[in-house]
$ cat structure.pdb   # PDB, C-alpha atoms and all ligand atoms
ATOM      1  CA  MET F   5      48.895 125.909 119.654
ATOM      2  CA  SER F   6      50.565 129.181 118.751
ATOM      3  CA  LYS F   7      54.309 129.219 118.514
ATOM      4  CA  LEU F   8      56.106 131.003 121.318
ATOM      5  CA  LEU F   9      59.713 131.970 121.382
ATOM      6  CA  TYR F  10      61.193 130.796 124.670
ATOM      7  CA  SER F  11      62.588 134.270 125.257
ATOM      8  CA  GLN F  12      59.059 135.649 124.879
ATOM      9  CA  VAL F  13      57.467 133.242 127.310
ATOM     10  CA  THR F  14      56.580 135.281 130.354
ATOM     11  CA  PRO F  15      55.677 133.385 133.495
ATOM     12  CA  LYS F  16      52.068 134.385 132.798
ATOM     13  CA  ALA F  17      52.056 133.084 129.240
ATOM     14  CA  ASP F  18      53.662 129.911 130.474
ATOM     15  CA  PHE F  19      50.978 129.551 133.142
ATOM     16  CA  LEU F  20      48.133 130.151 130.679
ATOM     17  CA  ASN F  21      49.678 127.731 128.236
ATOM     18  CA  ARG F  22      49.887 125.041 130.876
ATOM     19  CA  ARG F  23      46.316 125.651 132.026
ATOM     20  CA  GLN F  24      45.094 125.185 128.466
ATOM     21  CA  ILE F  25      46.935 121.887 128.223
ATOM     22  CA  MET F  26      45.675 120.737 131.603
ATOM     23  CA  ALA F  27      42.126 121.573 130.533
ATOM     24  CA  GLY F  28      42.543 119.684 127.286
ATOM     25  CA  ALA F  29      44.234 116.755 128.981
ATOM     26  CA  ALA F  30      41.604 116.524 131.708
ATOM     27  CA  GLY F  31      38.962 116.158 129.011
ATOM     28  CA  LEU F  32      40.861 113.179 127.643
ATOM     29  CA  GLY F  33      41.425 111.685 131.065
ATOM     30  CA  LEU F  34      45.168 112.249 130.825
ATOM     31  CA  ALA F  35      45.629 114.864 133.535
ATOM     32  CA  PRO F  36      48.066 112.830 135.700
ATOM     33  CA  MET F  37      50.707 112.856 133.013
ATOM     34  CA  PHE F  38      51.250 116.546 133.597
ATOM     35  CA  ALA F  39      51.353 116.351 137.363
ATOM     36  CA  GLY F  40      55.153 116.294 137.371
ATOM     37  CA  SER F  41      55.696 119.203 135.057
ATOM     38  CA  ALA F  42      53.191 121.404 136.897
ATOM     39  CA  ASN F  43      55.356 121.052 140.017
ATOM     40  CA  ALA F  44      58.699 121.436 138.254
ATOM     41  CA  LYS F  45      61.197 123.367 140.338
ATOM     42  CA  ALA F  46      62.664 126.528 138.860
ATOM     43  CA  LEU F  47      66.468 126.487 138.743
ATOM     44  CA  SER F  48      68.956 129.279 139.147
ATOM     45  CA  PHE F  49      71.703 129.300 136.581
ATOM     46  CA  LYS F  50      73.960 131.591 134.580
ATOM     47  CA  LYS F  51      73.313 132.298 130.912
ATOM     48  CA  SER F  52      76.036 131.313 128.510
ATOM     49  CA  GLY F  53      77.273 132.275 125.087
ATOM     50  CA  TYR F  54      75.976 129.026 123.591
ATOM     51  CA  LYS F  55      73.118 130.084 121.359
ATOM     52  CA  VAL F  56      71.958 129.115 117.878
ATOM     53  CA  ASP F  57      70.011 130.746 115.044
ATOM     54  CA  GLY F  58      66.400 129.707 114.969
ATOM     55  CA  ASP F  59      63.478 129.590 117.361
ATOM     56  CA  ILE F  60      63.554 127.565 120.520
ATOM     57  CA  THR F  61      61.230 124.569 120.320
ATOM     58  CA  PRO F  62      58.087 125.176 122.394
ATOM     59  CA  LYS F  63      58.466 123.490 125.781
ATOM     60  CA  ASP F  64      55.243 121.557 125.371
ATOM     61  CA  ALA F  65      56.633 119.936 122.232
ATOM     62  CA  ALA F  66      60.046 119.103 123.723
ATOM     63  CA  THR F  67      58.426 117.488 126.769
ATOM     64  CA  THR F  68      55.719 115.457 124.997
ATOM     65  CA  TYR F  69      57.552 114.224 121.869
ATOM     66  CA  ASN F  70      60.278 111.992 123.285
ATOM     67  CA  ASN F  71      62.393 108.927 122.774
ATOM     68  CA  TYR F  72      62.843 107.043 126.026
ATOM     69  CA  TYR F  73      62.253 103.357 125.349
ATOM     70  CA  GLU F  74      62.224 102.483 129.063
ATOM     71  CA  TYR F  75      58.770 104.131 128.899
ATOM     72  CA  GLY F  76      57.573 102.756 125.565
ATOM     73  CA  THR F  77      58.328 103.331 121.927
ATOM     74  CA  ALA F  78      55.599 105.827 120.995
ATOM     75  CA  LYS F  79      56.643 109.473 121.102
ATOM     76  CA  ASP F  80      53.975 110.336 123.681
ATOM     77  CA  ASP F  81      54.629 107.305 125.925
ATOM     78  CA  PRO F  82      57.438 108.866 128.035
ATOM     79  CA  ALA F  83      55.306 111.898 128.972
ATOM     80  CA  LYS F  84      52.457 109.532 129.939
ATOM     81  CA  TYR F  85      54.438 107.019 131.977
ATOM     82  CA  ALA F  86      57.732 108.474 133.240
ATOM     83  CA  SER F  87      56.227 110.264 136.245
ATOM     84  CA  VAL F  88      56.594 106.991 138.248
ATOM     85  CA  LEU F  89      60.400 107.244 138.162
ATOM     86  CA  LYS F  90      61.880 108.006 141.604
ATOM     87  CA  THR F  91      64.784 110.382 140.978
ATOM     88  CA  ASP F  92      65.567 111.078 144.649
ATOM     89  CA  PRO F  93      67.826 109.708 146.050
ATOM     90  CA  TRP F  94      70.127 109.379 143.024
ATOM     91  CA  SER F  95      73.778 108.592 142.652
ATOM     92  CA  VAL F  96      76.203 107.966 139.834
ATOM     93  CA  GLU F  97      78.816 105.247 140.216
ATOM     94  CA  ILE F  98      82.082 106.275 138.579
ATOM     95  CA  SER F  99      84.604 103.476 138.160
ATOM     96  CA  GLY F 100      87.251 101.932 135.933
ATOM     97  CA  MET F 101      90.405 103.843 135.033
ATOM     98  CA  VAL F 102      90.020 106.685 137.536
ATOM     99  CA  ASN F 103      91.945 107.719 140.620
ATOM    100  CA  ASN F 104      88.771 108.675 142.502
ATOM    101  CA  PRO F 105      86.240 105.887 141.942
ATOM    102  CA  GLY F 106      83.041 105.852 143.955
ATOM    103  CA  LYS F 107      79.351 106.387 144.220
ATOM    104  CA  TYR F 108      78.778 110.100 143.759
ATOM    105  CA  ALA F 109      75.527 111.372 145.274
ATOM    106  CA  LEU F 110      73.733 113.751 142.913
ATOM    107  CA  GLU F 111      73.666 116.524 145.524
ATOM    108  CA  ASP F 112      77.456 116.252 145.909
ATOM    109  CA  ILE F 113      77.930 116.474 142.149
ATOM    110  CA  LEU F 114      75.696 119.549 141.985
ATOM    111  CA  LYS F 115      77.379 121.233 144.969
ATOM    112  CA  ASP F 116      80.585 121.631 142.978
ATOM    113  CA  VAL F 117      79.217 122.865 139.657
ATOM    114  CA  ASP F 118      77.834 126.170 138.412
ATOM    115  CA  LEU F 119      74.613 125.473 136.557
ATOM    116  CA  GLU F 120      74.553 127.135 133.174
ATOM    117  CA  GLU F 121      71.956 127.481 130.433
ATOM    118  CA  ARG F 122      72.987 126.416 126.930
ATOM    119  CA  ILE F 123      70.789 126.628 123.877
ATOM    120  CA  TYR F 124      71.726 123.751 121.583
ATOM    121  CA  ARG F 125      70.455 122.174 118.402
ATOM    122  CA  PHE F 126      69.284 118.600 118.928
ATOM    123  CA  ARG F 127      69.076 116.245 115.940
ATOM    124  CA  CYS F 128      67.606 112.743 116.182
ATOM    125  CA  VAL F 129      68.814 110.082 113.751
ATOM    126  CA  GLU F 130      65.133 109.758 112.742
ATOM    127  CA  ALA F 131      65.504 113.141 110.952
ATOM    128  CA  TRP F 132      63.576 115.390 113.327
ATOM    129  CA  SER F 133      65.144 118.186 115.341
ATOM    130  CA  MET F 134      64.625 120.656 118.144
ATOM    131  CA  ILE F 135      66.360 123.665 119.657
ATOM    132  CA  VAL F 136      66.484 123.186 123.413
ATOM    133  CA  PRO F 137      67.545 125.493 126.276
ATOM    134  CA  TRP F 138      69.287 122.971 128.536
ATOM    135  CA  VAL F 139      70.471 123.744 132.057
ATOM    136  CA  GLY F 140      73.424 121.810 133.426
ATOM    137  CA  PHE F 141      77.206 121.618 133.466
ATOM    138  CA  GLN F 142      80.091 120.437 131.325
ATOM    139  CA  LEU F 143      80.710 116.703 131.530
ATOM    140  CA  SER F 144      84.420 117.537 131.806
ATOM    141  CA  ASP F 145      83.783 118.973 135.317
ATOM    142  CA  LEU F 146      82.558 115.595 136.540
ATOM    143  CA  ILE F 147      85.226 113.570 134.755
ATOM    144  CA  LYS F 148      87.979 115.779 136.181
ATOM    145  CA  LYS F 149      86.604 115.080 139.644
ATOM    146  CA  ALA F 150      86.942 111.341 139.020
ATOM    147  CA  ASP F 151      90.477 111.968 137.676
ATOM    148  CA  PRO F 152      91.055 109.509 134.793
ATOM    149  CA  THR F 153      94.318 107.585 134.767
ATOM    150  CA  GLY F 154      96.683 107.813 131.801
ATOM    151  CA  SER F 155      95.308 104.614 130.274
ATOM    152  CA  ALA F 156      91.696 105.808 129.977
ATOM    153  CA  LYS F 157      90.651 106.395 126.358
ATOM    154  CA  TYR F 158      86.839 106.024 126.423
ATOM    155  CA  VAL F 159      83.886 106.777 128.684
ATOM    156  CA  ALA F 160      80.975 104.329 129.001
ATOM    157  CA  PHE F 161      77.563 105.428 130.318
ATOM    158  CA  GLU F 162      74.663 103.378 131.638
ATOM    159  CA  THR F 163      71.008 104.239 132.274
ATOM    160  CA  LEU F 164      69.067 103.083 135.318
ATOM    161  CA  ASN F 165      67.581  99.584 134.899
ATOM    162  CA  ARG F 166      64.593  99.539 137.270
ATOM    163  CA  PRO F 167      61.740  97.576 135.645
ATOM    164  CA  ASP F 168      59.335  98.438 138.522
ATOM    165  CA  GLU F 169      59.513 102.089 137.547
ATOM    166  CA  MET F 170      60.206 101.594 133.848
ATOM    167  CA  PRO F 171      57.282  99.743 132.263
ATOM    168  CA  GLY F 172      58.838  99.857 128.790
ATOM    169  CA  ILE F 173      61.486  97.370 129.961
ATOM    170  CA  GLY F 174      58.777  94.730 130.440
ATOM    171  CA  TRP F 175      56.931  95.705 127.269
ATOM    172  CA  ASN F 176      60.088  95.173 125.220
ATOM    173  CA  PRO F 177      61.972  92.358 127.011
ATOM    174  CA  ARG F 178      64.253  91.545 124.074
ATOM    175  CA  PHE F 179      65.722  95.062 123.959
ATOM    176  CA  PRO F 180      69.295  94.898 125.378
ATOM    177  CA  TRP F 181      68.659  96.699 128.695
ATOM    178  CA  PRO F 182      70.139  98.676 130.294
ATOM    179  CA  TYR F 183      70.544 101.410 127.691
ATOM    180  CA  VAL F 184      74.273 102.076 127.292
ATOM    181  CA  GLU F 185      76.297 104.657 125.376
ATOM    182  CA  GLY F 186      79.874 105.775 125.047
ATOM    183  CA  LEU F 187      82.237 108.504 123.926
ATOM    184  CA  ARG F 188      85.924 108.746 123.253
ATOM    185  CA  LEU F 189      87.571 110.501 126.221
ATOM    186  CA  ASP F 190      88.461 113.575 124.139
ATOM    187  CA  GLU F 191      84.826 113.837 122.985
ATOM    188  CA  ALA F 192      83.674 113.520 126.589
ATOM    189  CA  MET F 193      86.083 116.275 127.698
ATOM    190  CA  HIS F 194      85.061 118.635 124.854
ATOM    191  CA  PRO F 195      83.544 121.874 126.175
ATOM    192  CA  LEU F 196      80.309 121.320 124.190
ATOM    193  CA  THR F 197      79.615 117.978 125.886
ATOM    194  CA  PHE F 198      77.016 118.713 128.523
ATOM    195  CA  VAL F 199      75.198 117.044 131.380
ATOM    196  CA  ALA F 200      71.658 118.409 131.600
ATOM    197  CA  THR F 201      69.811 118.530 134.903
ATOM    198  CA  GLY F 202      67.197 120.965 133.627
ATOM    199  CA  MET F 203      65.574 122.519 130.588
ATOM    200  CA  TYR F 204      63.456 125.624 129.958
ATOM    201  CA  GLY F 205      64.720 127.041 133.250
ATOM    202  CA  GLU F 206      63.293 124.191 135.328
ATOM    203  CA  GLU F 207      64.357 120.791 136.596
ATOM    204  CA  LEU F 208      64.494 118.152 133.884
ATOM    205  CA  PRO F 209      61.125 116.404 133.412
ATOM    206  CA  ASN F 210      61.383 112.627 133.902
ATOM    207  CA  GLN F 211      60.526 111.975 130.239
ATOM    208  CA  ASN F 212      63.589 113.996 129.202
ATOM    209  CA  GLY F 213      65.979 111.961 131.337
ATOM    210  CA  ALA F 214      65.826 113.222 134.919
ATOM    211  CA  PRO F 215      67.689 113.688 137.068
ATOM    212  CA  LEU F 216      70.701 113.896 134.753
ATOM    213  CA  ARG F 217      71.312 113.022 131.095
ATOM    214  CA  LEU F 218      74.014 113.540 128.540
ATOM    215  CA  VAL F 219      73.708 116.100 125.716
ATOM    216  CA  VAL F 220      76.174 115.799 122.831
ATOM    217  CA  PRO F 221      74.879 118.364 120.337
ATOM    218  CA  TRP F 222      76.961 117.366 117.296
ATOM    219  CA  LYS F 223      75.908 113.708 117.454
ATOM    220  CA  TYR F 224      72.605 111.992 116.743
ATOM    221  CA  GLY F 225      70.222 112.136 119.701
ATOM    222  CA  PHE F 226      70.590 108.488 120.715
ATOM    223  CA  LYS F 227      74.102 109.275 122.019
ATOM    224  CA  SER F 228      72.487 111.615 124.591
ATOM    225  CA  ILE F 229      71.760 108.898 127.167
ATOM    226  CA  LYS F 230      69.161 109.591 129.851
ATOM    227  CA  SER F 231      68.923 108.997 133.620
ATOM    228  CA  ILE F 232      72.578 108.018 134.048
ATOM    229  CA  VAL F 233      73.589 105.801 136.995
ATOM    230  CA  LYS F 234      76.995 104.558 135.901
ATOM    231  CA  ILE F 235      80.079 106.037 134.214
ATOM    232  CA  THR F 236      83.105 103.847 133.484
ATOM    233  CA  LEU F 237      86.474 104.990 132.170
ATOM    234  CA  THR F 238      88.039 102.346 129.968
ATOM    235  CA  ASP F 239      90.716 101.763 127.322
ATOM    236  CA  LYS F 240      88.336  99.935 124.938
ATOM    237  CA  GLU F 241      85.571 101.310 122.753
ATOM    238  CA  PRO F 242      82.432 100.598 124.801
ATOM    239  CA  PRO F 243      79.378  98.855 123.332
ATOM    240  CA  THR F 244      76.424 101.142 122.553
ATOM    241  CA  THR F 245      72.764 100.129 122.528
ATOM    242  CA  TRP F 246      71.721 101.063 118.983
ATOM    243  CA  ASN F 247      74.925  99.648 117.539
ATOM    244  CA  LYS F 248      74.177  96.343 119.293
ATOM    245  CA  ILE F 249      70.673  96.347 117.778
ATOM    246  CA  ALA F 250      71.698  97.270 114.206
ATOM    247  CA  ASP F 251      75.395  97.778 113.535
ATOM    248  CA  ASN F 252      74.781  98.492 109.843
ATOM    249  CA  GLU F 253      72.619 101.511 110.795
ATOM    250  CA  TYR F 254      74.091 103.012 113.978
ATOM    251  CA  GLY F 255      77.807 103.430 114.563
ATOM    252  CA  PHE F 256      79.815 104.362 117.638
ATOM    253  CA  TYR F 257      80.627 107.874 116.393
ATOM    254  CA  SER F 258      77.238 108.845 114.948
ATOM    255  CA  ASN F 259      78.205 112.421 114.204
ATOM    256  CA  VAL F 260      75.394 114.296 112.445
ATOM    257  CA  ASN F 261      76.293 114.155 108.758
ATOM    258  CA  PRO F 262      73.946 115.191 105.923
ATOM    259  CA  ASP F 263      76.299 113.547 103.395
ATOM    260  CA  VAL F 264      75.925 110.020 104.767
ATOM    261  CA  ASP F 265      72.366 108.718 104.583
ATOM    262  CA  HIS F 266      70.850 106.217 106.945
ATOM    263  CA  PRO F 267      70.394 102.972 104.989
ATOM    264  CA  ARG F 268      66.611 103.513 105.091
ATOM    265  CA  TRP F 269      66.238 107.314 104.784
ATOM    266  CA  SER F 270      68.010 110.532 103.864
ATOM    267  CA  GLN F 271      69.933 112.502 106.473
ATOM    268  CA  GLY F 272      70.077 115.579 104.223
ATOM    269  CA  SER F 273      67.199 117.406 105.887
ATOM    270  CA  GLU F 274      65.201 117.375 109.101
ATOM    271  CA  ARG F 275      61.724 118.191 110.425
ATOM    272  CA  PRO F 276      61.677 120.759 113.250
ATOM    273  CA  ILE F 277      59.366 119.542 116.021
ATOM    274  CA  GLY F 278      56.712 121.914 117.329
ATOM    275  CA  GLY F 279      56.764 124.179 114.296
ATOM    276  CA  GLY F 280      53.161 123.437 113.452
ATOM    277  CA  LEU F 281      51.482 121.491 110.711
ATOM    278  CA  PHE F 282      52.962 123.503 107.844
ATOM    279  CA  ALA F 283      56.535 123.771 109.056
ATOM    280  CA  SER F 284      58.875 122.827 106.251
ATOM    281  CA  ARG F 285      61.926 120.638 106.462
ATOM    282  CA  ILE F 286      65.250 122.392 106.915
ATOM    283  CA  PRO F 287      68.686 121.325 105.700
ATOM    284  CA  THR F 288      70.761 119.298 108.137
ATOM    285  CA  LEU F 289      74.159 120.796 108.944
ATOM    286  CA  LYS F 290      77.425 118.934 109.185
ATOM    287  CA  TYR F 291      78.104 118.091 112.821
ATOM    288  CA  ASN F 292      74.656 119.611 113.424
ATOM    289  CA  GLY F 293      76.118 123.110 113.019
ATOM    290  CA  TYR F 294      79.098 122.544 115.350
ATOM    291  CA  GLU F 295      81.648 121.751 112.640
ATOM    292  CA  LYS F 296      84.146 124.455 113.551
ATOM    293  CA  ASP F 297      84.123 123.332 117.181
ATOM    294  CA  VAL F 298      84.474 119.602 116.702
ATOM    295  CA  ALA F 299      85.756 118.718 113.209
ATOM    296  CA  GLY F 300      89.301 118.641 114.627
ATOM    297  CA  LEU F 301      88.393 115.665 116.807
ATOM    298  CA  TYR F 302      88.012 113.557 113.661
ATOM    299  CA  ALA F 303      90.961 114.700 111.568
ATOM    300  CA  GLY F 304      92.211 111.866 109.386
ATOM    301  CA  MET F 305      89.158 109.669 109.950
ATOM    302  CA  ASP F 306      87.104 108.380 107.016
ATOM    303  CA  LEU F 307      83.836 110.155 107.761
ATOM    304  CA  THR F 308      81.874 108.167 105.196
ATOM    305  CA  LYS F 309      82.280 105.147 107.477
ATOM    306  CA  TYR F 310      81.304 106.559 110.827
ATOM    307  CA  PHE F 311      77.548 107.059 110.304
TER
HETATM  308  N1  LIG F 401      68.072 105.655 128.433
HETATM  309  C1  LIG F 401      67.695 106.138 127.239
HETATM  310  N2  LIG F 401      68.295 107.245 126.764
HETATM  311  C2  LIG F 401      67.918 107.754 125.551
HETATM  312  C3  LIG F 401      66.940 107.097 124.756
HETATM  313  C4  LIG F 401      66.321 105.934 125.297
HETATM  314  O1  LIG F 401      65.437 105.308 124.684
HETATM  315  N3  LIG F 401      66.718 105.481 126.541
HETATM  316  N4  LIG F 401      66.619 107.610 123.521
HETATM  317  C5  LIG F 401      67.631 108.450 122.857
HETATM  318  C6  LIG F 401      67.144 109.101 121.648
HETATM  319  S1  LIG F 401      66.966 108.135 120.254
HETATM  320  C7  LIG F 401      66.929 110.446 121.583
HETATM  321  S2  LIG F 401      66.530 111.202 120.119
HETATM  322  C8  LIG F 401      66.985 111.284 122.798
HETATM  323  C9  LIG F 401      65.666 112.005 122.989
HETATM  324  O2  LIG F 401      65.753 112.967 123.993
HETATM  325  P1  LIG F 401      64.477 113.863 124.322
HETATM  326  O3  LIG F 401      63.320 112.929 124.555
HETATM  327  O4  LIG F 401      64.839 114.656 125.530
HETATM  328  O5  LIG F 401      64.246 114.740 123.115
HETATM  329  O6  LIG F 401      67.255 110.524 123.974
HETATM  330  C10 LIG F 401      68.210 109.504 123.814
HETATM  331  N5  LIG F 401      68.529 108.907 125.106
HETATM  332 MO    MO F 402      66.910 109.602 118.492
END
$ encode --input "structure.pdb" --output "structure tokens" --more "lines below"
Ligand SMILES: Nc1nc2c(c(=O)[nH]1)N[C@H]1C(S)=C(S)[C@@H](COP(=O)(O)O)O[C@H]1N2
Ligand SMILES: [Mo]
Amino acid sequence: MSKLLYSQVTPKADFLNRRQIMAGAAGLGLAPMFAGSANAKALSFKKSGYKVDGDITPKDAATTYNNYYEYGTAKDDPAKYASVLKTDPWSVEISGMVNNPGKYALEDILKDVDLEERIYRFRCVEAWSMIVPWVGFQLSDLIKKADPTGSAKYVAFETLNRPDEMPGIGWNPRFPWPYVEGLRLDEAMHPLTFVATGMYGEELPNQNGAPLRLVVPWKYGFKSIKSIVKITLTDKEPPTTWNKIADNEYGFYSNVNPDVDHPRWSQGSERPIGGGLFASRIPTLKYNGYEKDVAGLYAGMDLTKYF
């Protein structure tokens, strides 16, 4: 597949591209997996100043190479199986140390926010990366609505746990479902911390975490929890899924850091996804390129410890 810059993708090129995939997929008997994306709703949003150097990852790569263990552990599993997820109706329960707890319907959340497009780097702890044009809003908008009390210091997030619509839960019963993640409150309120409801100008595909998922661009990808149903403000550091599974490999902070290797591989470089067979590895940047924005959050901390 030829490499297209997102900015160069005209609706026609996009259409042709999709037709080619559909044709190829039909030949393999995989056509249903693209049914969702072919119907994806276009979103209206404002552009923002958040851009990065480098080419946007082709949409077909970002929507077929995924980590979403509720749909299996292979990179192509989520695109094959996530179309069964029912994302409407959807609500997010916000509770704990907030003055306005409650079940927030997704349409009420969206009514009060201005959707914005942000082009961010995305770096998985497995040492691959993408550049993704997300559409969504700042997490701080939602947290302000819930109005944390003075004691709140952390934010805990939880993914939907619906085995009927998430076959990977049954395939991997010993995994500590539901998937959970957390941030310090000041990290959660940081202007870079984003809730995505779309990507590539359209509604978020299910395999990428529809209808809403976190995006924390300076942290390893596993912090960017998908299909959120619960947000809890607390005064204690919340447990996080990958830390529960292997606390010697995945910490709470998990800021992208080329100077601290994963115990089993280097974090010094990364493989851009969708760049083609001969794409070379590129150096990994401290805080994934967002050092000047976020380094202040960690002043005085021993960064060799918080892998
Ligand atoms: N609920 C849930 N959220 C998740 C995951 C998951 O398995 N389940 N995987 C994480 C990991 S490891 C990464 S790298 C990103 C992948 O996001 P993407 O598929 O949109 O690229 O989602 C994160 N969020
Ligand atoms: Mo990841």
$ resolve_selection --input "structure.pdb" --expression "the PyMOL selection byres (((chain F and resi 126-141) around 6) and not hetatm)" --output "NGL selection string"
:F and (60-61 or 119-125 or 142 or 198-204 or 221 or 224-225 or 274-277)
$ residues_around --input "structure.pdb" --residues "Pro177 (chain F)" --least-positions-apart "4" --cutoff "12 Å" --atoms "all atoms listed in the file" --output "list in words"
Tyr73, Glu74, Gly76, Pro167, Met170, Pro171, Gly172, Ile173, Trp181 and Pro182 of chain F
$ atom_distance --input "structure.pdb" --atom1 "CA of Lys296 (chain F)" --atom2 "CA of His194 (chain F)"
12.7 Å
$ residues_near_ligand --input "structure.pdb" --ligand "ligand LIG 401 (chain F)" --cutoff "8 Å" --atoms "only C-alpha atoms and all ligand atoms" --output "ChimeraX atom specification"
/F:66-67,69-75,77,82,126-130,134,162-164,182-184,211-213,217-218,224-232
$ residues_around --input "structure.pdb" --residues "Ile113 (chain F)" --least-positions-apart "6" --cutoff "10 Å" --atoms "all atoms listed in the file" --output "list in words"
Ser95, Val96, Asp145, Leu146 and Lys149 of chain F
$ atom_distance --input "structure.pdb" --atom1 "CA of Gly106 (chain F)" --atom2 "CA of Arg166 (chain F)"
20.6 Å
$ atom_distance --input "structure.pdb" --atom1 "CA of Lys157 (chain F)" --atom2 "CA of Asp190 (chain F)"
7.8 Å
